[in-house]
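Written out below as structure tokens is the structure these notes cover.
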Number of protein chains: 2
Amino acid sequence: MQREKETMKKLAKLSIFNTLSKKMVWGFILIIFLGSLLLSLPIATSHQQGTALIDILFTAASATCITGLTVVNTATHWSLFGQVVILGMAEIGALGYMTFAVLLFNIIRRHRSMGLSTQLMVKESLNLENLSDTKSVMKYVIGLSAVFQLGGVGLLAVDFIPRFGWKRGLYVSVYHSVMSFCNAGFDVFGDSLMRFRNDSYVLLVTIVLIVGGGLGFLVWRDLLLYHERKRLSLNSKLTLTTTGTLFVLGFVILLVTEGNLSGLLGDHMSWVNRTINTLFLSVTPRTAGIVTLPTNSLHSGSIFLIMILMFVGGTPGSTAGGIKTTTFGVLMLQSIAQLRGREDVEFSHRRFSQANISRALLLVFLASIVITLATLVLTQTEKIPQGYGLEYIVFEVLSAFGTVGLSLGLTPHLTVIGKVIIMILMFVGRVGIFTSLYALSKRQPKVSRLRYPEENILIG
Amino acid sequence: MQREKETMKKLAKLSIFNTLSKKMVWGFILIIFLGSLLLSLPIATSHQQGTALIDILFTAASATCITGLTVVNTATHWSLFGQVVILGMAEIGALGYMTFAVLLFNIIRRHRSMGLSTQLMVKESLNLENLSDTKSVMKYVIGLSAVFQLGGVGLLAVDFIPRFGWKRGLYVSVYHSVMSFCNAGFDVFGDSLMRFRNDSYVLLVTIVLIVGGGLGFLVWRDLLLYHERKRLSLNSKLTLTTTGTLFVLGFVILLVTEGNLSGLLGDHMSWVNRTINTLFLSVTPRTAGIVTLPTNSLHSGSIFLIMILMFVGGTPGSTAGGIKTTTFGVLMLQSIAQLRGREDVEFSHRRFSQANISRALLLVFLASIVITLATLVLTQTEKIPQGYGLEYIVFEVLSAFGTVGLSLGLTPHLTVIGKVIIMILMFVGRVGIFTSLYALSKRQPKVSRLRYPEENILIG
Ligand SMILES: [K+]
Ligand SMILES: [K+]
């Protein structure tokens with residue numbers, strides 16, 4: 001009797017879980033659809049020349065999934081109206097992901113009996129662990145976003161207003177601040193930040209915005225509450241350690257492979273400026289997609305490294321895609337523990353559950369399958385131009401799946417099938433493989449695997 | 001007291017395990033060294049022109065690790081003597097790996113007190129599970145090798161003697177039969193099997209030899225004993241299932257990507273012949289390295305697929321390198337189980353131990369690190385020619401690590417550092433990452449992780 005009740009409870013929980021995953025996926029699709037409607041208006045393009053339907057959908061998907069891969073030039077093709085629509089979609093994509101989930105949480109919380117299942121759903125969509133914190137996180141989402149983005153506007157305006165005049169200067173300050181913080185990769189300069197290569201101030205402000213947005217709200221809250229709590233969660237520690245390690249490793253390797261950009265930027269640019277450009281290059285693959293250099297002119301070693309960084313991606317609960325730093329971190333720690341002959345996977349005096357490790361493994365496995373299939377199909381539908389190899393396709397696939405937005409040049413030349421595939425990759429990369437799978441599955445999951453130990457790290 | 005005794009026992013076990021891993025690695029190095037000595041003799045080269053030391057070492061390593069990557073053309077550079085030395089190293093590399101371990105087993109078995117540890121070592125080196133079977137396996141190693149290789153000589157001679165005359169015909173029959181069965185990839189034709197594209201008979205015999213050698217002796221014994229036992233081991237079932245799945249998938253995908261080779265071989269070649277060439281192409285990446293077509297003329301989709309197949313590699317306890325089919329299989333099954341919300345990873349009414357899964361995961365992780373590091377260094381030391389991309393390097397790295405021997409053309413142009421890296425990859429790919437690590441580790445492993453449940457599958 002008791003057992004039956006528990007089983008029923010579990011099934012109800014999973015059913016809601018399933019339903020809400022569907023709702024979230026449909027919510028994203030709705031945003032893309034509404035944005036597409038606005039972008040198809042005549043006033044959305046600069047010369048009212050209209051845009052092909054597939055390109056409208058692609059742009060809307062790229063903006064909503066805060067990727068930044070573009071099939072038309074944002075600066076020249078879209079009118080001010082169109083550009084603002086794209087900005088709005090990116091902001092909704094970045095913050096709405098969370099807001100949407102929190103709203104759902106508040107609506108359904110009234111049904112106390114379904115409390116846990118809804119909370120689990122919110123956890124899934126927010127990648128939160130401690131559910132009681134949802135409201136508090138929401139405060140931080142809005143607060144932090146405002147502080148970073150407004151601060152970014154102010155700092156950038158100092159450089160941009162003298163450069164572009166009041167009106168244009170303020171506009172590009174807002175646009176660039178929001179896009180950098182959202183790690184969205186769209187720009188209204190027409191060539192990303194290439195013209196600012198020598199402007200270390202703009203690059204450094206942008207780096208702070210990218211890292212700020214890319215770290216994720218949960219980590220930020222943990223950091224800001226540190227003086228009270230005197231501890232960080234396991235999740236924050238693992239995120240910061242993995243992010244830091246990959247960042248330092250990436251920077252050092254890029255210093256070597258590009259020879260601190262002396263080849264690419266020439267020796268007339270100062271050593272400090274070149275180092276800041278290398279720093280920028282090591283920050284952008286995590287999810288930003290903003291560039292100061294043409295990606296396809298980089299050394300093959302750098303491109304290989306960037307592909308790995310894009311696959312790993314950023315922090316869960318942030319603007320990032322990819323398999324996420326925690327997934328990478330927990331599998332690395334598992335391997336190290338195994339190598340040392342340890343039974344348990346430990347980090348910072350905590351133990352990871354087997355469920356966590358299995359979930360991480362599954363995620364990497366599914367991501368590999370998605371990437372492999374997409375690459376295989378694209379090798380059939382797309383043409384690799386003279387002078388490029390297979391990385392011309394794989395790079396774009398990883399960039400889309402990681403919602404990064406870097407490109408070796410394929411995206412603007414994509415066939416229609418190719419555009420659809422990259423759109424699917426951006427979408428799956430953004431909402432997450434697990435959420436996508438839940439939303440796709442018709443049947444209810446059979447057995448509960450939602451066993452959570454006392455403290456978990458976030459996977460996916 | 002009892003506890004202390006057990007700890008001492010464990011340490012003794014691990015110490016031997018450690019020592020014997022070292023011995024096996026040194027045994028391989030000894031074979032490479034002795035082979036190099038013979039290859040450095042003036043009579044080893046066809047015009048007594050001598051060979052650079054690094055090329056001698058590379059050839060010896062490639063032969064002993066039965067890879068087949070070559071820096072000089074086997075057919076023209078080496079004399080008959082040199083070619084026979086290479087053949088001998090390949091045969092020793094393939095069969096000696098096991099024989100060496102069995103000899104060790106027999107020598108140390110006298111020390112009854114160390115029985116288990118030695119057995120564990122033999123298990124490790126042979127990738128055997130049931131230790132009592134070692135002698136019986138040895139019988140099969142020699143028996144099967146003889147049957148396959150002599151059978152191969154006979155079948156090939158039917159084609160080669162009329163073609164090349166008695167003396168040369170018999171020689172190339174022996175050479176090609178042994179190299180095919182050992183999956184060693186060396187050839188004395190100068191262009192692998194390209195001239196036999198139209199000769200379906202030779203291709204089909206070669207496919208049988210490749211698959212026969214690549215399946216591994218344990219699987220063969222299981223198959224041959226099936227009429228008695230009426231069951232296959234979990235290991236054999238998983239191996240056969242994964243191998244079969246990858247084989248069929250690979251064949252079908254290659255049929256699509258190459259359009260059944262109508263582009264590459266032209267429509268004047270019969271449909272059946274082209275299908276057999278496609279079949280050959282789907283068999284060779286697993287570990288053979290014998291080709292009927294220039295690999296660098298293949299479609300980028302095919303090259304991508306072949307890279308994945310080379311990474312997976314073949315059966316443990318066979319002539320193969322790579323992460324092995326069982327590793328891939330168990331991780332796939334783990335992911336599917338996780339996806340279905342199952343606690344246990346099951347296959348064919350058996351359950352995999354958590355230790356197995358962890359070991360598989362560790363192996364993939366270590367393999368990825370090795371491949372990533374090697375690729376990064378090679379992007380710095382090697383030059384990618386016009387018309388190629390990053391795959392020019394990654395392909396060669398995967399080919400070496402998987403002891404496959406396929407090439408997009410880099411190997412003959414490798415720098416000295418590049419040659420050393422590819423040699424290390426072939427070596428690690430052959431003796432296994434775990435054995436290499438045991439051999440490298442100075443300290444004794446601290447805690448025993450050698451917990452084996454009743455029935456295991458083989459990882460690594
Ligand atoms: K992005
Ligand atoms: K081989």
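Just remember, in the structure tokens the first chain shown is A, the second B, etc., residues are 1-based per chain, and ligands are 1-based in the order shown.
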- Task: For ligand 2, list the contacting residues at 10 Å or closer, counting only C-alpha atoms and all ligand atoms, as a ChimeraX atom specification.
- Result: /B:62-63,65-69,90,179-186,210,214,284-290,319-321,399-400,402-406,426
- Message: Contacts from chain B to chain A, 7 Å maximum, only C-alpha atoms: show me the residue list as a ChimeraX atom specification.
- Response: /B:257,300-301,335,338,341,362,365,376,379-380,386-391,447-449
- Message: Using only C-alpha atoms and all ligand atoms, can you tell me which of A:Val141, A:Leu156, A:Val178, A:Leu224 comes closest to ligand 1?
- Response: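 Closest to ligand 1, using only C-alpha atoms and all ligand atoms: A:Val178.
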- Mind giving me the straight-line distance from CA of Asp199 in chain B to CA of Asn273 in chain B in Å, one decimal? 8.0 Å
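Shortest separation to ligand 1 among A:Val416, A:Val25, A:Ile433, A:Ala94 occurs at residue A:Ala94, atoms counted being only C-alpha atoms and all ligand atoms.
Closest to Leu264 in chain A among A:Lys23, A:Arg197, A:His227, A:Arg351 is A:Arg197, based on only C-alpha atoms.
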- Item | Nearby residues (only C-alpha atoms) at most 8 Å from His176 in chain A, same-chain spacing under 3 positions excluded, as a ChimeraX atom specification | /A:153,172-173,179-180,187-188
Would you export the selected residues with all heavy atoms as a compact mmCIF listing (two decimals), in the first residue's frame, please?
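Final file, result.txt:
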# COMPACT_ATOMS: atom_id res chain seq x y z
N VAL A 153 27.45 49.45 -20.26
CA VAL A 153 27.06 50.58 -21.11
C VAL A 153 27.87 51.81 -20.73
O VAL A 153 28.45 52.49 -21.59
CB VAL A 153 25.54 50.87 -20.98
CG1 VAL A 153 25.18 52.17 -21.69
CG2 VAL A 153 24.72 49.72 -21.54
N VAL A 172 25.55 51.82 -29.76
CA VAL A 172 26.49 50.69 -29.85
C VAL A 172 26.97 50.28 -28.45
O VAL A 172 27.27 49.11 -28.22
CB VAL A 172 27.69 50.97 -30.79
CG1 VAL A 172 27.22 51.12 -32.23
CG2 VAL A 172 28.48 52.17 -30.35
N SER A 173 27.01 51.24 -27.51
CA SER A 173 27.38 50.88 -26.15
C SER A 173 26.37 49.91 -25.55
O SER A 173 26.72 48.89 -24.96
CB SER A 173 27.47 52.12 -25.26
OG SER A 173 28.50 52.96 -25.70
N MET A 179 25.00 42.33 -25.58
CA MET A 179 25.43 41.16 -26.34
C MET A 179 26.64 40.49 -25.69
O MET A 179 26.77 39.27 -25.71
CB MET A 179 25.75 41.54 -27.79
CG MET A 179 24.51 41.80 -28.63
SD MET A 179 23.42 40.34 -28.72
CE MET A 179 22.19 40.90 -29.91
N SER A 180 27.53 41.29 -25.12
CA SER A 180 28.71 40.70 -24.47
C SER A 180 28.31 39.97 -23.20
O SER A 180 28.73 38.84 -22.96
CB SER A 180 29.74 41.79 -24.12
OG SER A 180 30.17 42.43 -25.29
N ASP A 187 26.79 41.57 -33.41
CA ASP A 187 27.41 42.89 -33.31
C ASP A 187 26.85 43.80 -34.39
O ASP A 187 26.42 43.34 -35.44
CB ASP A 187 28.92 42.80 -33.46
CG ASP A 187 29.32 42.49 -34.88
OD1 ASP A 187 29.23 41.31 -35.27
OD2 ASP A 187 29.68 43.43 -35.62
N VAL A 188 26.88 45.11 -34.11
CA VAL A 188 26.41 46.09 -35.11
C VAL A 188 27.58 46.87 -35.70
O VAL A 188 27.40 47.92 -36.30
CB VAL A 188 25.37 47.07 -34.49
CG1 VAL A 188 24.03 46.34 -34.33
CG2 VAL A 188 25.84 47.62 -33.17
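In this model, the gap between CA of His413 in chain B and CA of Gly259 in chain A comes to 23.8 Å.
Considering the residues A:Val420, A:Ala75, A:Ile161, A:Leu246 and counting only C-alpha atoms, Ile56 in chain A has its shortest atom-to-atom contact with A:Val420.
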